[in-house]
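Shown next: data-v1.cif, containing mmCIF, N, CA and C atoms.
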data_entry
loop_
_atom_site.label_atom_id
_atom_site.label_comp_id
_atom_site.auth_asym_id
_atom_site.auth_seq_id
_atom_site.Cartn_x
_atom_site.Cartn_y
_atom_site.Cartn_z
N MET H 7 90.98 94.22 57.66
CA MET H 7 91.35 92.84 57.86
C MET H 7 91.76 92.21 56.52
N GLU H 8 91.04 92.57 55.48
CA GLU H 8 91.38 92.02 54.18
C GLU H 8 92.77 92.46 53.74
N ALA H 9 93.16 93.66 54.13
CA ALA H 9 94.49 94.16 53.78
C ALA H 9 95.55 93.35 54.51
N LEU H 10 95.29 92.98 55.74
CA LEU H 10 96.24 92.17 56.49
C LEU H 10 96.33 90.76 55.93
N GLU H 11 95.19 90.21 55.59
CA GLU H 11 95.16 88.85 55.07
C GLU H 11 95.85 88.74 53.72
N GLY H 12 95.79 89.80 52.95
CA GLY H 12 96.39 89.80 51.63
C GLY H 12 95.51 89.12 50.59
N SER H 13 94.24 88.92 50.94
CA SER H 13 93.33 88.27 49.99
C SER H 13 93.00 89.19 48.82
N LYS H 14 93.12 90.50 49.04
CA LYS H 14 92.88 91.48 47.97
C LYS H 14 94.00 92.52 48.02
N THR H 15 94.26 93.11 46.90
CA THR H 15 95.29 94.15 46.87
C THR H 15 94.73 95.44 47.47
N ILE H 16 95.62 96.31 47.83
CA ILE H 16 95.20 97.59 48.40
C ILE H 16 94.42 98.39 47.36
N SER H 17 94.79 98.28 46.09
CA SER H 17 94.05 98.97 45.03
C SER H 17 92.61 98.46 44.95
N GLN H 18 92.45 97.16 45.05
CA GLN H 18 91.12 96.58 45.01
C GLN H 18 90.28 97.06 46.19
N LEU H 19 90.86 97.03 47.37
CA LEU H 19 90.15 97.47 48.58
C LEU H 19 89.80 98.95 48.49
N SER H 20 90.71 99.73 47.93
CA SER H 20 90.49 101.15 47.79
C SER H 20 89.28 101.45 46.90
N SER H 21 89.21 100.78 45.77
CA SER H 21 88.09 101.04 44.86
C SER H 21 86.79 100.43 45.40
N GLU H 22 86.90 99.29 46.07
CA GLU H 22 85.71 98.64 46.63
C GLU H 22 85.03 99.48 47.70
N HIS H 23 85.85 100.05 48.58
CA HIS H 23 85.31 100.75 49.75
C HIS H 23 85.33 102.27 49.61
N GLY H 24 85.86 102.77 48.51
CA GLY H 24 85.88 104.21 48.29
C GLY H 24 86.79 104.95 49.25
N VAL H 25 87.89 104.29 49.63
CA VAL H 25 88.85 104.87 50.56
C VAL H 25 90.20 104.97 49.85
N HIS H 26 90.93 106.04 50.09
CA HIS H 26 92.22 106.23 49.43
C HIS H 26 93.20 105.13 49.86
N ALA H 27 94.02 104.68 48.92
CA ALA H 27 94.97 103.60 49.17
C ALA H 27 95.94 103.94 50.30
N ASN H 28 96.36 105.21 50.38
CA ASN H 28 97.29 105.60 51.45
C ASN H 28 96.67 105.42 52.82
N LEU H 29 95.37 105.67 52.92
CA LEU H 29 94.68 105.49 54.19
C LEU H 29 94.64 104.01 54.57
N ILE H 30 94.37 103.16 53.61
CA ILE H 30 94.36 101.71 53.88
C ILE H 30 95.74 101.25 54.31
N ARG H 31 96.78 101.75 53.64
CA ARG H 31 98.16 101.39 54.03
C ARG H 31 98.46 101.83 55.46
N ALA H 32 98.01 103.05 55.80
CA ALA H 32 98.25 103.56 57.16
C ALA H 32 97.52 102.71 58.18
N TRP H 33 96.27 102.33 57.89
CA TRP H 33 95.51 101.48 58.82
C TRP H 33 96.18 100.12 58.98
N LYS H 34 96.65 99.59 57.86
CA LYS H 34 97.30 98.28 57.89
C LYS H 34 98.57 98.34 58.75
N ARG H 35 99.37 99.37 58.53
CA ARG H 35 100.62 99.52 59.29
C ARG H 35 100.31 99.69 60.79
N GLN H 36 99.31 100.51 61.10
CA GLN H 36 98.95 100.75 62.50
C GLN H 36 98.45 99.46 63.15
N LEU H 37 97.66 98.70 62.44
CA LEU H 37 97.14 97.46 62.99
C LEU H 37 98.25 96.44 63.18
N GLN H 38 99.20 96.40 62.27
CA GLN H 38 100.32 95.48 62.42
C GLN H 38 101.16 95.83 63.64
N GLU H 39 101.34 97.12 63.90
CA GLU H 39 102.14 97.55 65.05
C GLU H 39 101.41 97.33 66.37
N ASP H 40 100.09 97.55 66.37
CA ASP H 40 99.32 97.50 67.61
C ASP H 40 98.48 96.23 67.76
N ARG H 41 98.72 95.24 66.94
CA ARG H 41 97.90 94.03 66.96
C ARG H 41 97.77 93.40 68.36
N PRO H 42 98.86 93.22 69.10
CA PRO H 42 98.71 92.59 70.42
C PRO H 42 97.78 93.38 71.35
N ARG H 43 97.87 94.68 71.29
CA ARG H 43 97.03 95.50 72.16
C ARG H 43 95.59 95.51 71.68
N VAL H 44 95.40 95.59 70.37
CA VAL H 44 94.05 95.67 69.81
C VAL H 44 93.28 94.38 70.03
N PHE H 45 93.96 93.26 69.84
CA PHE H 45 93.29 91.97 69.93
C PHE H 45 93.57 91.25 71.25
N ALA H 46 93.93 91.99 72.26
CA ALA H 46 94.18 91.39 73.57
C ALA H 46 92.89 90.77 74.09
N THR H 47 93.03 89.66 74.76
CA THR H 47 91.86 89.00 75.34
C THR H 47 91.38 89.81 76.54
N ASN H 48 90.16 89.54 76.94
CA ASN H 48 89.61 90.24 78.10
C ASN H 48 90.47 89.99 79.33
N GLY H 49 91.01 88.79 79.45
CA GLY H 49 91.87 88.47 80.60
C GLY H 49 93.11 89.34 80.63
N GLU H 50 93.74 89.51 79.47
CA GLU H 50 94.94 90.35 79.40
C GLU H 50 94.59 91.80 79.69
N ARG H 51 93.47 92.25 79.13
CA ARG H 51 93.05 93.64 79.34
C ARG H 51 92.73 93.86 80.82
N LYS H 52 92.03 92.92 81.43
CA LYS H 52 91.69 93.05 82.85
C LYS H 52 92.95 93.03 83.70
N GLN H 53 93.92 92.20 83.30
CA GLN H 53 95.19 92.13 84.03
C GLN H 53 95.90 93.48 84.01
N ARG H 54 95.95 94.13 82.83
CA ARG H 54 96.60 95.44 82.73
C ARG H 54 95.84 96.48 83.56
N GLU H 55 94.51 96.43 83.52
CA GLU H 55 93.72 97.37 84.30
C GLU H 55 93.95 97.17 85.79
N GLN H 56 94.03 95.89 86.22
CA GLN H 56 94.26 95.59 87.63
C GLN H 56 95.64 96.07 88.07
N GLU H 57 96.64 95.87 87.22
CA GLU H 57 97.99 96.33 87.55
C GLU H 57 98.03 97.85 87.68
N ALA H 58 97.32 98.54 86.80
CA ALA H 58 97.28 100.01 86.89
C ALA H 58 96.58 100.45 88.16
N GLN H 59 95.50 99.76 88.52
CA GLN H 59 94.78 100.11 89.74
C GLN H 59 95.64 99.84 90.98
N GLU H 60 96.38 98.72 90.97
CA GLU H 60 97.27 98.41 92.09
C GLU H 60 98.33 99.49 92.25
N ALA H 61 98.91 99.92 91.16
CA ALA H 61 99.94 100.97 91.22
C ALA H 61 99.36 102.24 91.81
N GLU H 62 98.15 102.59 91.39
CA GLU H 62 97.50 103.79 91.92
C GLU H 62 97.23 103.65 93.42
N LEU H 63 96.80 102.46 93.85
CA LEU H 63 96.52 102.25 95.27
C LEU H 63 97.80 102.29 96.11
N TYR H 64 98.89 101.73 95.58
CA TYR H 64 100.16 101.79 96.31
C TYR H 64 100.63 103.24 96.45
N GLU H 65 100.42 104.05 95.42
CA GLU H 65 100.77 105.47 95.52
C GLU H 65 99.94 106.14 96.60
N GLN H 66 98.66 105.82 96.64
CA GLN H 66 97.78 106.41 97.65
C GLN H 66 98.20 105.96 99.06
N ILE H 67 98.57 104.69 99.21
CA ILE H 67 99.03 104.21 100.50
C ILE H 67 100.26 104.98 100.94
N GLY H 68 101.18 105.20 100.01
CA GLY H 68 102.40 105.95 100.33
C GLY H 68 102.08 107.36 100.79
N ARG H 69 101.16 108.03 100.08
CA ARG H 69 100.78 109.39 100.49
C ARG H 69 100.14 109.38 101.86
N LEU H 70 99.26 108.42 102.12
CA LEU H 70 98.58 108.36 103.41
C LEU H 70 99.56 108.07 104.55
N LYS H 71 100.55 107.23 104.28
CA LYS H 71 101.56 106.96 105.31
C LYS H 71 102.34 108.22 105.65
N MET H 72 102.67 108.99 104.61
CA MET H 72 103.40 110.24 104.85
C MET H 72 102.54 111.22 105.66
N GLU H 73 101.25 111.31 105.32
CA GLU H 73 100.36 112.21 106.06
C GLU H 73 100.23 111.76 107.51
N LEU H 74 100.12 110.46 107.73
CA LEU H 74 100.00 109.94 109.09
C LEU H 74 101.26 110.24 109.90
N ALA H 75 102.41 110.02 109.30
CA ALA H 75 103.67 110.31 110.00
C ALA H 75 103.75 111.79 110.36
N TRP H 76 103.33 112.66 109.43
CA TRP H 76 103.35 114.09 109.70
C TRP H 76 102.40 114.44 110.84
N LEU H 77 101.21 113.87 110.81
CA LEU H 77 100.24 114.14 111.88
C LEU H 77 100.73 113.64 113.23
N GLN H 78 101.33 112.45 113.25
CA GLN H 78 101.85 111.92 114.51
C GLN H 78 102.96 112.82 115.05
N LYS H 79 103.84 113.27 114.19
CA LYS H 79 104.92 114.15 114.61
C LYS H 79 104.34 115.47 115.12
N SER H 80 103.37 116.00 114.41
CA SER H 80 102.74 117.25 114.80
C SER H 80 102.06 117.12 116.16
N CYS H 81 101.37 116.01 116.37
CA CYS H 81 100.69 115.80 117.66
C CYS H 81 101.69 115.65 118.80
N ARG H 82 102.79 114.96 118.55
CA ARG H 82 103.82 114.81 119.58
C ARG H 82 104.39 116.17 119.98
N LEU H 83 104.63 117.01 118.98
CA LEU H 83 105.16 118.33 119.26
C LEU H 83 104.18 119.15 120.09
N ARG H 84 102.91 119.07 119.77
CA ARG H 84 101.89 119.80 120.53
C ARG H 84 101.82 119.28 121.96
N SER H 85 101.94 117.95 122.11
CA SER H 85 101.88 117.34 123.43
C SER H 85 103.07 117.79 124.27
N GLU H 86 104.24 117.84 123.66
CA GLU H 86 105.45 118.26 124.38
C GLU H 86 105.36 119.73 124.80
N ARG H 87 104.66 120.52 124.01
CA ARG H 87 104.51 121.94 124.33
C ARG H 87 103.40 122.17 125.35
N GLY H 88 102.61 121.14 125.61
CA GLY H 88 101.54 121.29 126.58
C GLY H 88 100.23 121.77 125.99
N ASP H 89 100.08 121.65 124.68
CA ASP H 89 98.81 122.02 124.05
C ASP H 89 97.70 121.10 124.54
N GLU H 90 96.47 121.46 124.26
CA GLU H 90 95.30 120.78 124.81
C GLU H 90 95.16 119.33 124.37
N TRP H 91 95.52 119.00 123.17
CA TRP H 91 95.23 117.66 122.67
C TRP H 91 96.49 116.96 122.20
N SER H 92 96.41 115.63 122.16
CA SER H 92 97.52 114.80 121.67
C SER H 92 96.92 113.61 120.96
N ILE H 93 97.76 112.69 120.52
CA ILE H 93 97.26 111.50 119.85
C ILE H 93 96.37 110.68 120.78
N ALA H 94 96.76 110.57 122.03
CA ALA H 94 95.98 109.80 122.98
C ALA H 94 94.59 110.39 123.16
N SER H 95 94.49 111.69 123.20
CA SER H 95 93.17 112.31 123.37
C SER H 95 92.33 112.17 122.11
N MET H 96 92.98 112.02 120.93
CA MET H 96 92.24 111.85 119.69
C MET H 96 91.68 110.44 119.58
N GLN H 97 92.34 109.46 120.21
CA GLN H 97 91.91 108.07 120.11
C GLN H 97 90.74 107.78 121.03
N SER H 98 90.55 108.52 122.07
CA SER H 98 89.45 108.22 123.00
C SER H 98 88.21 109.01 122.68
#
As structure tokens - that is how I would like this structure written.
Amino acid sequence: MEALEGSKTISQLSSEHGVHANLIRAWKRQLQEDRPRVFATNGERKQREQEAQEAELYEQIGRLKMELAWLQKSCRLRSERGDEWSIASMQS
């Protein structure tokens, strides 16, 4: 944080904390690039998590719809062939 604020030079921070100056520069650059993500509020973080969960649920709904359509088609074919069971027999 001190490197971002500019209150101390990187050389000062390096000698103070016993960390190489290149490492401090790398941390500073990374923090500058990722600041919005790193310091996102809980609301923003929860919003992103909720959006990811919604996308996953919509994918699952799509898969389940495809499975249902396949099962309905399969049951209709069995019914037309005169097999023992159909959708109607599964519902009762």
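Taking only C-alpha atoms into account, Gln38 (chain H) lies nearest to H:Ala9 out of the set H:Leu70, H:Tyr64, H:Arg54, H:Ala9.
The two atoms in question, atom N of Arg84 (chain H) and CA of Lys71 (chain H), are spaced 18.9 Å apart.
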Point-to-point distance in Å for atom N of Leu10 (chain H) and atom C of Arg41 (chain H): 12.9 Å
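Atom pair CA of Lys34 (chain H) / atom N of Ser13 (chain H) has a distance of 12.1 Å (rounded to one decimal).
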Enumerate the residues of chain H with a DSSP assignment of helix (DSSP H, G or I), computed from the backbone, and present them as a PyMOL selection string. chain H and resi 8-11+16-23+27-44+48-87+93-97
